Amino acid sequence: MLTHLNLVLKPTVKKITFLLVFITASITAQELSLKEAYSLMLSKNGDLNASQEEVNAKQEEQKAVQGLGYPSLSVSATYLNLDNDIEVDLNEQRTMVSGLLGVADPSVLGDWNFTLQDKNLGFASADINWPIFAGGKINAANKASKIKYELSENHHKIKTNALTIQLIDYYFKLKLAKEAEDLRQKVYETIQLHNDHATKLFENGIIPEVETLNAKVALSNAKRELLAAHKDVSLATTAIKNLIGDATFNTTSTDFISPLIQPSLNEFQQEMIQENEQLKFLEKNEKLAEVGIKVENSEYFPKIALFGKHTFWKNNLSLLKTKWLVGVGASWELFNGFEREHKIKAAKHKVLQVQELEKQAKLNLLTYTEKLYNELEKQREQYNSLEADLALAEKLKYMRTRAFEEGTGTSLEVIDATLQLTQIKLFKMKALYHYNTTYGELMVSLNKTENFLNQI
């Protein structure tokens with residue numbers, strides 16, 4: 001019975017153990033793809049969140065400016081206490097009248113000292129004011145607020161693109177550091193085996209001691225390079241965490257893409273002029289400056305507004321008998337010392353200023369695109385060249401190792417061949433790193449971040 005129970009439990013325990021190991025390995029792995037890192041950066045990065053709040057603020061300001069074209073309604077109340085009643089003393093006139101009437105005693109006509117207004121008074125009213133014409137200033141203000149909102153969106157995209165380029169660089173720098181670390185580990189293990197082999201050959205009297213010294217020096221160098229590689233991985237990991245809100249991860253899962261033949265430089269340049277956010281930012285600034293001219297021109301026109309008042313509560317306000325009034329008001333400044341003319345000229349100069357900046361920005365973007373394109377071509381050529389060199393270096397290392405084992409070669413030749421192979425592999429990795437970061441920078445600058453992330 002116990003034997004049967006053990007037979008039943010053993011497979012179950014094995015399955016549970018396997019599941020626990022699998023779950024633990026999954027939790028420990030914590031892989032991070034470049035696309036996941038990008039999503040984390042968009043949601044967790046403090047600079048981007050602050051930039052988004054600026055966009056939200058500009059959107060609310062735009063809605064606030066839209067209220068300039070609507071009537072404003074307000075309620076006000078006033079209560080006053082004067083030092084004395086407002087009176088009119090007509091007793092002297094009463095005396096004159098009594099003389100004309102032949103009345104000997106003016107007091108017969110009564111007291112002609114009248115109180116026009118009690119010293120305690122109050123009133124409450126509802127007021128409405130509706131600007132119906134402001135020389136185009138209201139429309140211009142709405143256009144300006146809309147452009148400012150769009151500019152804040154542009155600024156946010158520019159900041160996002162800059163941080164995305166930085167993230168791509170950090171991510172692939174970590175990828176490069178990790179692969180270099182793995183390579184350094186393999187080199188260290190290879191040279192350690194070679195050192196052990198050389199020591200045994202020396203102990204058996206097959207090779208002189210100087211051959212073992214070469215192996216020991218090479219082993220010490222390999223260990224130092226491995227420790228440096230560990231530091232590079234740690235620094236690159238910290239840099240990424242800083243961008244993505246300190247998220248925890250252990251490995252990167254996005255691989256380098258192999259260099260491809262790109263479209264022509266002219267196609268990239270045309271697309272850069274059409275899609276680059278910094279150029280769009282300048283174009284919107286030009287529109288904003290043009291609106292500024294309209295605002296200054298509006299000062300030449302009269303301002304017209306409708307207004308109305310309804311008094312719904314009065315206390316001791318004997319002079320005011322009407323409950324409501326409506327009217328239209330207008331103001332027109334005819335001369336202000338040529339201030340308007342100079343402001344219009346200043347606004348036109350701002351337009352010209354932005355146009356010059358825009359013109360130079362286009363030239364800079366063309367040069368920038370050419371630089372990135374040439375870097376892509378350079379790294380592609382380097383990568384293809386290193387592919388051929390890698391096969392030769394692997395063959396040389398194999399031949400040097402066999403020659404040493406057969407006693408016809410030296411330890412120094414084996415180490416040189418190993419280091420040469422390692423150097424070529426590192427150059428190849430660096431070519432991939434530079435190609436991928438440059439390609440990512442180009443795609444982000446073309447507003448093709450999603451295309452790039454889906455491609456890799």
# chains A, B, ... in the order shown; residues from 1 in each chain; ligands from 1
$ residues_around --residues "region 59-68 of chain A" --least-positions-apart "5" --cutoff "12 Å" --atoms "only C-alpha atoms" --output "list in words"
Gln52, Glu53, Glu54, Leu73, Asn129, Trp130, Pro131, Ile132, Phe133, Ala134, Gly136, Lys137, Ile138, Asn139, Ala140, Ala141, Asn142, Lys143, Ala144, Ser145, Lys146, Ile147, Lys148, Tyr149, Glu150, Leu151, Ser152, Glu153 and Ala305 of chain A
$ write_last_selection --atoms "C-alpha atoms" --output "PDB file, in the first residue's frame"
ATOM      1  CA  GLN A  52       1.928  66.561 -20.664  1.00  0.00           C
ATOM      2  CA  GLU A  53       0.569  68.693 -17.829  1.00  0.00           C
ATOM      3  CA  GLU A  54       1.751  71.765 -19.727  1.00  0.00           C
ATOM      4  CA  LEU A  73     -23.155  88.124 -16.469  1.00  0.00           C
ATOM      5  CA  ASN A 129     -21.821  92.946 -20.898  1.00  0.00           C
ATOM      6  CA  TRP A 130     -21.428  91.559 -24.414  1.00  0.00           C
ATOM      7  CA  PRO A 131     -18.597  92.699 -26.719  1.00  0.00           C
ATOM      8  CA  ILE A 132     -19.925  92.453 -30.261  1.00  0.00           C
ATOM      9  CA  PHE A 133     -16.971  93.985 -32.125  1.00  0.00           C
ATOM     10  CA  ALA A 134     -13.340  94.407 -31.105  1.00  0.00           C
ATOM     11  CA  GLY A 136     -10.879  91.313 -34.901  1.00  0.00           C
ATOM     12  CA  LYS A 137      -8.986  91.038 -31.608  1.00  0.00           C
ATOM     13  CA  ILE A 138     -11.308  88.351 -30.185  1.00  0.00           C
ATOM     14  CA  ASN A 139     -10.934  86.115 -33.251  1.00  0.00           C
ATOM     15  CA  ALA A 140      -7.195  86.685 -33.226  1.00  0.00           C
ATOM     16  CA  ALA A 141      -7.014  85.793 -29.529  1.00  0.00           C
ATOM     17  CA  ASN A 142      -8.838  82.517 -30.210  1.00  0.00           C
ATOM     18  CA  LYS A 143      -6.489  81.669 -33.077  1.00  0.00           C
ATOM     19  CA  ALA A 144      -3.469  82.519 -30.945  1.00  0.00           C
ATOM     20  CA  SER A 145      -4.646  80.344 -28.047  1.00  0.00           C
ATOM     21  CA  LYS A 146      -5.253  77.430 -30.425  1.00  0.00           C
ATOM     22  CA  ILE A 147      -1.768  77.777 -31.910  1.00  0.00           C
ATOM     23  CA  LYS A 148      -0.245  77.988 -28.415  1.00  0.00           C
ATOM     24  CA  TYR A 149      -2.010  74.746 -27.533  1.00  0.00           C
ATOM     25  CA  GLU A 150      -0.656  73.114 -30.699  1.00  0.00           C
ATOM     26  CA  LEU A 151       2.804  74.464 -29.882  1.00  0.00           C
ATOM     27  CA  SER A 152       2.645  72.818 -26.455  1.00  0.00           C
ATOM     28  CA  GLU A 153       1.769  69.539 -28.193  1.00  0.00           C
ATOM     29  CA  ALA A 305     -20.287  96.285 -26.676  1.00  0.00           C
TER      30      ALA A 305
END
$ residues_around --residues "region 409-417 of chain A" --least-positions-apart "5" --cutoff "6 Å" --atoms "only C-alpha atoms" --output "list in words"
Glu211, Asn214, Lys397, Arg400, Thr401, Ala403 and Phe404 of chain A
$ closest_residue --among "A:Leu227, A:Trp112, A:Lys425, A:Asn285" --to "Ser98 (chain A)" --atoms "only C-alpha atoms"
A:Trp112
$ select_by_dssp --residues "region 116-165 of chain A" --states "alpha helix (DSSP H)" --output "ChimeraX atom specification"
/A:137-165
$ write_last_selection --atoms "N, CA, C and O atoms" --output "tab-separated table (two decimals), in the first residue's frame"
chain	number	residue	atom	x	y	z
A	137	LYS	N	-9.89	91.48	-32.67
A	137	LYS	CA	-8.99	91.04	-31.61
A	137	LYS	C	-9.46	89.74	-30.96
A	137	LYS	O	-8.65	88.89	-30.59
A	138	ILE	N	-10.79	89.57	-30.82
A	138	ILE	CA	-11.31	88.35	-30.19
A	138	ILE	C	-11.00	87.13	-31.04
A	138	ILE	O	-10.53	86.09	-30.54
A	139	ASN	N	-11.25	87.24	-32.35
A	139	ASN	CA	-10.93	86.11	-33.25
A	139	ASN	C	-9.44	85.81	-33.24
A	139	ASN	O	-9.03	84.64	-33.24
A	140	ALA	N	-8.64	86.87	-33.24
A	140	ALA	CA	-7.19	86.68	-33.23
A	140	ALA	C	-6.75	86.02	-31.93
A	140	ALA	O	-5.86	85.15	-31.93
A	141	ALA	N	-7.37	86.39	-30.81
A	141	ALA	CA	-7.01	85.79	-29.53
A	141	ALA	C	-7.34	84.30	-29.51
A	141	ALA	O	-6.59	83.48	-28.97
A	142	ASN	N	-8.47	83.94	-30.13
A	142	ASN	CA	-8.84	82.52	-30.21
A	142	ASN	C	-7.86	81.73	-31.08
A	142	ASN	O	-7.47	80.62	-30.74
A	143	LYS	N	-7.47	82.34	-32.21
A	143	LYS	CA	-6.49	81.67	-33.08
A	143	LYS	C	-5.15	81.52	-32.37
A	143	LYS	O	-4.50	80.47	-32.46
A	144	ALA	N	-4.75	82.56	-31.65
A	144	ALA	CA	-3.47	82.52	-30.95
A	144	ALA	C	-3.48	81.45	-29.86
A	144	ALA	O	-2.50	80.71	-29.69
A	145	SER	N	-4.58	81.34	-29.12
A	145	SER	CA	-4.65	80.34	-28.05
A	145	SER	C	-4.63	78.93	-28.62
A	145	SER	O	-4.04	78.01	-28.03
A	146	LYS	N	-5.27	78.74	-29.78
A	146	LYS	CA	-5.25	77.43	-30.42
A	146	LYS	C	-3.84	77.07	-30.88
A	146	LYS	O	-3.39	75.93	-30.70
A	147	ILE	N	-3.14	78.03	-31.46
A	147	ILE	CA	-1.77	77.78	-31.91
A	147	ILE	C	-0.86	77.50	-30.72
A	147	ILE	O	0.02	76.62	-30.78
A	148	LYS	N	-1.07	78.22	-29.62
A	148	LYS	CA	-0.24	77.99	-28.41
A	148	LYS	C	-0.47	76.58	-27.87
A	148	LYS	O	0.46	75.93	-27.38
A	149	TYR	N	-1.71	76.12	-27.95
A	149	TYR	CA	-2.01	74.75	-27.53
A	149	TYR	C	-1.29	73.75	-28.44
A	149	TYR	O	-0.68	72.77	-27.97
A	150	GLU	N	-1.34	73.99	-29.75
A	150	GLU	CA	-0.66	73.11	-30.70
A	150	GLU	C	0.86	73.16	-30.50
A	150	GLU	O	1.55	72.14	-30.66
A	151	LEU	N	1.37	74.34	-30.15
A	151	LEU	CA	2.80	74.46	-29.88
A	151	LEU	C	3.20	73.64	-28.66
A	151	LEU	O	4.28	73.03	-28.63
A	152	SER	N	2.35	73.63	-27.65
A	152	SER	CA	2.65	72.82	-26.45
A	152	SER	C	2.65	71.34	-26.81
A	152	SER	O	3.47	70.56	-26.28
A	153	GLU	N	1.76	70.93	-27.73
A	153	GLU	CA	1.77	69.54	-28.19
A	153	GLU	C	3.05	69.24	-28.96
A	153	GLU	O	3.65	68.17	-28.79
A	154	ASN	N	3.46	70.19	-29.80
A	154	ASN	CA	4.72	70.03	-30.53
A	154	ASN	C	5.91	69.89	-29.58
A	154	ASN	O	6.78	69.04	-29.76
A	155	HIS	N	5.91	70.78	-28.58
A	155	HIS	CA	6.99	70.76	-27.60
A	155	HIS	C	7.03	69.42	-26.86
A	155	HIS	O	8.11	68.87	-26.60
A	156	HIS	N	5.86	68.90	-26.54
A	156	HIS	CA	5.78	67.60	-25.86
A	156	HIS	C	6.31	66.49	-26.76
A	156	HIS	O	7.04	65.59	-26.30
A	157	LYS	N	5.96	66.54	-28.05
A	157	LYS	CA	6.45	65.52	-28.98
A	157	LYS	C	7.96	65.61	-29.17
A	157	LYS	O	8.66	64.60	-29.27
A	158	ILE	N	8.47	66.85	-29.23
A	158	ILE	CA	9.92	67.04	-29.36
A	158	ILE	C	10.64	66.45	-28.15
A	158	ILE	O	11.67	65.76	-28.29
A	159	LYS	N	10.10	66.69	-26.97
A	159	LYS	CA	10.70	66.15	-25.74
A	159	LYS	C	10.60	64.64	-25.72
A	159	LYS	O	11.55	63.94	-25.35
A	160	THR	N	9.45	64.12	-26.14
A	160	THR	CA	9.27	62.67	-26.20
A	160	THR	C	10.27	62.04	-27.16
A	160	THR	O	10.87	61.00	-26.87
A	161	ASN	N	10.43	62.67	-28.33
A	161	ASN	CA	11.37	62.14	-29.33
A	161	ASN	C	12.80	62.17	-28.81
A	161	ASN	O	13.57	61.22	-29.03
A	162	ALA	N	13.16	63.25	-28.12
A	162	ALA	CA	14.53	63.35	-27.59
A	162	ALA	C	14.79	62.25	-26.56
A	162	ALA	O	15.85	61.61	-26.57
A	163	LEU	N	13.81	62.01	-25.67
A	163	LEU	CA	13.98	60.96	-24.67
A	163	LEU	C	13.91	59.57	-25.30
A	163	LEU	O	14.56	58.64	-24.82
A	164	THR	N	13.14	59.43	-26.38
A	164	THR	CA	13.07	58.14	-27.08
A	164	THR	C	14.41	57.80	-27.72
A	164	THR	O	14.88	56.65	-27.64
A	165	ILE	N	15.02	58.80	-28.34
A	165	ILE	CA	16.36	58.59	-28.93
A	165	ILE	C	17.36	58.20	-27.83
A	165	ILE	O	18.20	57.31	-28.02
$ residues_around --residues "Lys314 (chain A)" --least-positions-apart "2" --cutoff "12 Å" --atoms "only C-alpha atoms" --output "ChimeraX atom specification"
/A:77-80,120-125,310-312,316-323
$ atom_distance --atom1 "CA of Pro259 (chain A)" --atom2 "CA of Phe172 (chain A)"
14.5 Å
$ closest_residue --among "A:Arg380, A:Lys348, A:Lys216, A:Lys223" --to "Val187 (chain A)" --atoms "only C-alpha atoms"
A:Lys223
$ residues_around --residues "region 271-278 of chain A" --least-positions-apart "2" --cutoff "8 Å" --atoms "only C-alpha atoms" --output "PDB file with all heavy atoms, in the first residue's frame"
ATOM      1  N   ASN A 154       3.462  70.191 -29.799  1.00  0.00           N
ATOM      2  CA  ASN A 154       4.722  70.032 -30.530  1.00  0.00           C
ATOM      3  C   ASN A 154       5.907  69.894 -29.580  1.00  0.00           C
ATOM      4  O   ASN A 154       6.779  69.036 -29.758  1.00  0.00           O
ATOM      5  CB  ASN A 154       4.962  71.226 -31.458  1.00  0.00           C
ATOM      6  CG  ASN A 154       4.305  71.054 -32.809  1.00  0.00           C
ATOM      7  OD1 ASN A 154       3.401  71.795 -33.126  1.00  0.00           O
ATOM      8  ND2 ASN A 154       4.721  70.099 -33.595  1.00  0.00           N
ATOM      9  N   LYS A 157       5.960  66.537 -28.048  1.00  0.00           N
ATOM     10  CA  LYS A 157       6.449  65.519 -28.984  1.00  0.00           C
ATOM     11  C   LYS A 157       7.965  65.611 -29.170  1.00  0.00           C
ATOM     12  O   LYS A 157       8.657  64.598 -29.265  1.00  0.00           O
ATOM     13  CB  LYS A 157       5.741  65.678 -30.339  1.00  0.00           C
ATOM     14  CG  LYS A 157       4.284  65.253 -30.322  1.00  0.00           C
ATOM     15  CD  LYS A 157       3.629  65.463 -31.671  1.00  0.00           C
ATOM     16  CE  LYS A 157       2.163  65.082 -31.634  1.00  0.00           C
ATOM     17  NZ  LYS A 157       1.484  65.352 -32.945  1.00  0.00           N
ATOM     18  N   ILE A 158       8.469  66.847 -29.227  1.00  0.00           N
ATOM     19  CA  ILE A 158       9.919  67.037 -29.358  1.00  0.00           C
ATOM     20  C   ILE A 158      10.642  66.449 -28.149  1.00  0.00           C
ATOM     21  O   ILE A 158      11.666  65.760 -28.288  1.00  0.00           O
ATOM     22  CB  ILE A 158      10.258  68.530 -29.527  1.00  0.00           C
ATOM     23  CG1 ILE A 158       9.782  69.034 -30.892  1.00  0.00           C
ATOM     24  CG2 ILE A 158      11.753  68.773 -29.375  1.00  0.00           C
ATOM     25  CD1 ILE A 158       9.860  70.536 -31.059  1.00  0.00           C
ATOM     26  N   GLU A 267      15.130  60.730 -50.519  1.00  0.00           N
ATOM     27  CA  GLU A 267      13.823  60.356 -49.967  1.00  0.00           C
ATOM     28  C   GLU A 267      13.766  60.663 -48.474  1.00  0.00           C
ATOM     29  O   GLU A 267      12.766  61.195 -47.966  1.00  0.00           O
ATOM     30  CB  GLU A 267      13.565  58.866 -50.201  1.00  0.00           C
ATOM     31  CG  GLU A 267      13.313  58.497 -51.659  1.00  0.00           C
ATOM     32  CD  GLU A 267      13.070  57.005 -51.834  1.00  0.00           C
ATOM     33  OE1 GLU A 267      12.157  56.465 -51.166  1.00  0.00           O
ATOM     34  OE2 GLU A 267      13.797  56.370 -52.622  1.00  0.00           O
ATOM     35  N   PHE A 268      14.831  60.333 -47.777  1.00  0.00           N
ATOM     36  CA  PHE A 268      14.878  60.619 -46.342  1.00  0.00           C
ATOM     37  C   PHE A 268      14.826  62.120 -46.076  1.00  0.00           C
ATOM     38  O   PHE A 268      14.155  62.577 -45.147  1.00  0.00           O
ATOM     39  CB  PHE A 268      16.143  60.034 -45.730  1.00  0.00           C
ATOM     40  CG  PHE A 268      16.039  58.572 -45.385  1.00  0.00           C
ATOM     41  CD1 PHE A 268      17.003  57.684 -45.802  1.00  0.00           C
ATOM     42  CD2 PHE A 268      14.972  58.100 -44.637  1.00  0.00           C
ATOM     43  CE1 PHE A 268      16.913  56.341 -45.482  1.00  0.00           C
ATOM     44  CE2 PHE A 268      14.869  56.757 -44.304  1.00  0.00           C
ATOM     45  CZ  PHE A 268      15.845  55.874 -44.738  1.00  0.00           C
ATOM     46  N   GLN A 269      15.539  62.885 -46.883  1.00  0.00           N
ATOM     47  CA  GLN A 269      15.580  64.340 -46.672  1.00  0.00           C
ATOM     48  C   GLN A 269      14.216  64.980 -46.913  1.00  0.00           C
ATOM     49  O   GLN A 269      13.789  65.862 -46.153  1.00  0.00           O
ATOM     50  CB  GLN A 269      16.644  64.961 -47.572  1.00  0.00           C
ATOM     51  CG  GLN A 269      18.064  64.669 -47.122  1.00  0.00           C
ATOM     52  CD  GLN A 269      19.109  65.267 -48.039  1.00  0.00           C
ATOM     53  OE1 GLN A 269      18.909  65.348 -49.258  1.00  0.00           O
ATOM     54  NE2 GLN A 269      20.232  65.694 -47.484  1.00  0.00           N
ATOM     55  N   LYS A 280       7.986  71.706 -37.615  1.00  0.00           N
ATOM     56  CA  LYS A 280       6.571  72.021 -37.408  1.00  0.00           C
ATOM     57  C   LYS A 280       6.410  73.055 -36.299  1.00  0.00           C
ATOM     58  O   LYS A 280       5.528  73.918 -36.360  1.00  0.00           O
ATOM     59  CB  LYS A 280       5.801  70.752 -37.054  1.00  0.00           C
ATOM     60  CG  LYS A 280       5.650  69.766 -38.199  1.00  0.00           C
ATOM     61  CD  LYS A 280       4.872  68.540 -37.749  1.00  0.00           C
ATOM     62  CE  LYS A 280       4.720  67.537 -38.884  1.00  0.00           C
ATOM     63  NZ  LYS A 280       4.001  66.319 -38.457  1.00  0.00           N
ATOM     64  N   PHE A 281       7.262  72.958 -35.293  1.00  0.00           N
ATOM     65  CA  PHE A 281       7.230  73.918 -34.184  1.00  0.00           C
ATOM     66  C   PHE A 281       7.505  75.323 -34.687  1.00  0.00           C
ATOM     67  O   PHE A 281       6.823  76.282 -34.300  1.00  0.00           O
ATOM     68  CB  PHE A 281       8.284  73.502 -33.144  1.00  0.00           C
ATOM     69  CG  PHE A 281       8.269  74.319 -31.892  1.00  0.00           C
ATOM     70  CD1 PHE A 281       7.340  74.080 -30.894  1.00  0.00           C
ATOM     71  CD2 PHE A 281       9.188  75.339 -31.701  1.00  0.00           C
ATOM     72  CE1 PHE A 281       7.321  74.843 -29.732  1.00  0.00           C
ATOM     73  CE2 PHE A 281       9.188  76.105 -30.549  1.00  0.00           C
ATOM     74  CZ  PHE A 281       8.247  75.854 -29.557  1.00  0.00           C
ATOM     75  N   LEU A 282       8.483  75.473 -35.579  1.00  0.00           N
ATOM     76  CA  LEU A 282       8.801  76.794 -36.135  1.00  0.00           C
ATOM     77  C   LEU A 282       7.687  77.286 -37.050  1.00  0.00           C
ATOM     78  O   LEU A 282       7.367  78.482 -37.070  1.00  0.00           O
ATOM     79  CB  LEU A 282      10.127  76.728 -36.900  1.00  0.00           C
ATOM     80  CG  LEU A 282      11.383  76.598 -36.040  1.00  0.00           C
ATOM     81  CD1 LEU A 282      12.611  76.378 -36.915  1.00  0.00           C
ATOM     82  CD2 LEU A 282      11.579  77.824 -35.169  1.00  0.00           C
ATOM     83  N   LYS A 362      15.680  74.199 -41.960  1.00  0.00           N
ATOM     84  CA  LYS A 362      15.571  73.259 -43.084  1.00  0.00           C
ATOM     85  C   LYS A 362      16.953  72.836 -43.577  1.00  0.00           C
ATOM     86  O   LYS A 362      17.188  71.645 -43.843  1.00  0.00           O
ATOM     87  CB  LYS A 362      14.774  73.888 -44.223  1.00  0.00           C
ATOM     88  CG  LYS A 362      13.286  74.007 -43.941  1.00  0.00           C
ATOM     89  CD  LYS A 362      12.541  74.624 -45.108  1.00  0.00           C
ATOM     90  CE  LYS A 362      11.050  74.722 -44.806  1.00  0.00           C
ATOM     91  NZ  LYS A 362      10.276  75.338 -45.917  1.00  0.00           N
ATOM     92  N   LEU A 365      18.422  70.501 -41.021  1.00  0.00           N
ATOM     93  CA  LEU A 365      17.819  69.172 -41.054  1.00  0.00           C
ATOM     94  C   LEU A 365      18.319  68.352 -42.240  1.00  0.00           C
ATOM     95  O   LEU A 365      18.496  67.130 -42.136  1.00  0.00           O
ATOM     96  CB  LEU A 365      16.294  69.291 -41.108  1.00  0.00           C
ATOM     97  CG  LEU A 365      15.605  69.638 -39.791  1.00  0.00           C
ATOM     98  CD1 LEU A 365      14.113  69.876 -40.006  1.00  0.00           C
ATOM     99  CD2 LEU A 365      15.807  68.528 -38.759  1.00  0.00           C
ATOM    100  N   LEU A 366      18.542  69.009 -43.361  1.00  0.00           N
ATOM    101  CA  LEU A 366      19.094  68.303 -44.521  1.00  0.00           C
ATOM    102  C   LEU A 366      20.485  67.771 -44.205  1.00  0.00           C
ATOM    103  O   LEU A 366      20.825  66.624 -44.539  1.00  0.00           O
ATOM    104  CB  LEU A 366      19.137  69.241 -45.734  1.00  0.00           C
ATOM    105  CG  LEU A 366      17.783  69.671 -46.311  1.00  0.00           C
ATOM    106  CD1 LEU A 366      17.982  70.683 -47.437  1.00  0.00           C
ATOM    107  CD2 LEU A 366      17.007  68.463 -46.832  1.00  0.00           C
ATOM    108  N   THR A 369      20.156  64.875 -41.657  1.00  0.00           N
ATOM    109  CA  THR A 369      19.708  63.640 -42.301  1.00  0.00           C
ATOM    110  C   THR A 369      20.857  62.989 -43.068  1.00  0.00           C
ATOM    111  O   THR A 369      21.024  61.759 -43.030  1.00  0.00           O
ATOM    112  CB  THR A 369      18.538  63.936 -43.261  1.00  0.00           C
ATOM    113  OG1 THR A 369      17.525  64.661 -42.569  1.00  0.00           O
ATOM    114  CG2 THR A 369      17.948  62.651 -43.802  1.00  0.00           C
ATOM    115  N   SER A 445      13.199  60.838 -35.583  1.00  0.00           N
ATOM    116  CA  SER A 445      13.210  62.200 -36.124  1.00  0.00           C
ATOM    117  C   SER A 445      12.227  62.350 -37.269  1.00  0.00           C
ATOM    118  O   SER A 445      11.748  63.454 -37.551  1.00  0.00           O
ATOM    119  CB  SER A 445      14.622  62.565 -36.602  1.00  0.00           C
ATOM    120  OG  SER A 445      15.543  62.510 -35.540  1.00  0.00           O
ATOM    121  N   LEU A 446      11.899  61.235 -37.933  1.00  0.00           N
ATOM    122  CA  LEU A 446      10.915  61.243 -39.014  1.00  0.00           C
ATOM    123  C   LEU A 446       9.503  60.981 -38.493  1.00  0.00           C
ATOM    124  O   LEU A 446       8.586  60.770 -39.294  1.00  0.00           O
ATOM    125  CB  LEU A 446      11.277  60.189 -40.065  1.00  0.00           C
ATOM    126  CG  LEU A 446      12.560  60.417 -40.869  1.00  0.00           C
ATOM    127  CD1 LEU A 446      12.870  59.205 -41.734  1.00  0.00           C
ATOM    128  CD2 LEU A 446      12.449  61.655 -41.732  1.00  0.00           C
ATOM    129  N   ASN A 447       9.331  60.960 -37.172  1.00  0.00           N
ATOM    130  CA  ASN A 447       8.033  60.662 -36.548  1.00  0.00           C
ATOM    131  C   ASN A 447       7.564  59.249 -36.873  1.00  0.00           C
ATOM    132  O   ASN A 447       6.365  58.999 -37.051  1.00  0.00           O
ATOM    133  CB  ASN A 447       6.968  61.676 -36.972  1.00  0.00           C
ATOM    134  CG  ASN A 447       6.808  62.781 -35.950  1.00  0.00           C
ATOM    135  OD1 ASN A 447       7.173  62.634 -34.793  1.00  0.00           O
ATOM    136  ND2 ASN A 447       6.267  63.901 -36.365  1.00  0.00           N
TER     137      ASN A 447
END
$ closest_residue --among "A:Thr254, A:Lys58, A:Leu90, A:Trp313" --to "Leu453 (chain A)" --atoms "only C-alpha atoms"
A:Thr254
$ select_by_dssp --residues "region 123-293 of chain A" --states "strand (DSSP E or B)" --output "list in words"
Phe123, Ala124, Ser125, Ala126, Asp127, Ile128, Asn129, Trp130, Pro131, Ile132, Phe133, Thr251 and Thr252 of chain A
$ atom_distance --atom1 "CA of Ser220 (chain A)" --atom2 "CA of Thr190 (chain A)"
12.6 Å
$ closest_residue --among "A:Leu432, A:Leu376, A:Val210, A:Ile424" --to "Glu394 (chain A)" --atoms "only C-alpha atoms"
A:Ile424
$ closest_residue --among "A:Lys303, A:Asn436, A:Glu283, A:Glu181" --to "Gln353 (chain A)" --atoms "only C-alpha atoms"
A:Glu283
$ atom_distance --atom1 "CA of Ile257 (chain A)" --atom2 "CA of Ser234 (chain A)"
23.4 Å
$ closest_residue --among "A:Asp389, A:Glu356, A:Glu87, A:Asp255" --to "Lys35 (chain A)" --atoms "only C-alpha atoms"
A:Asp255
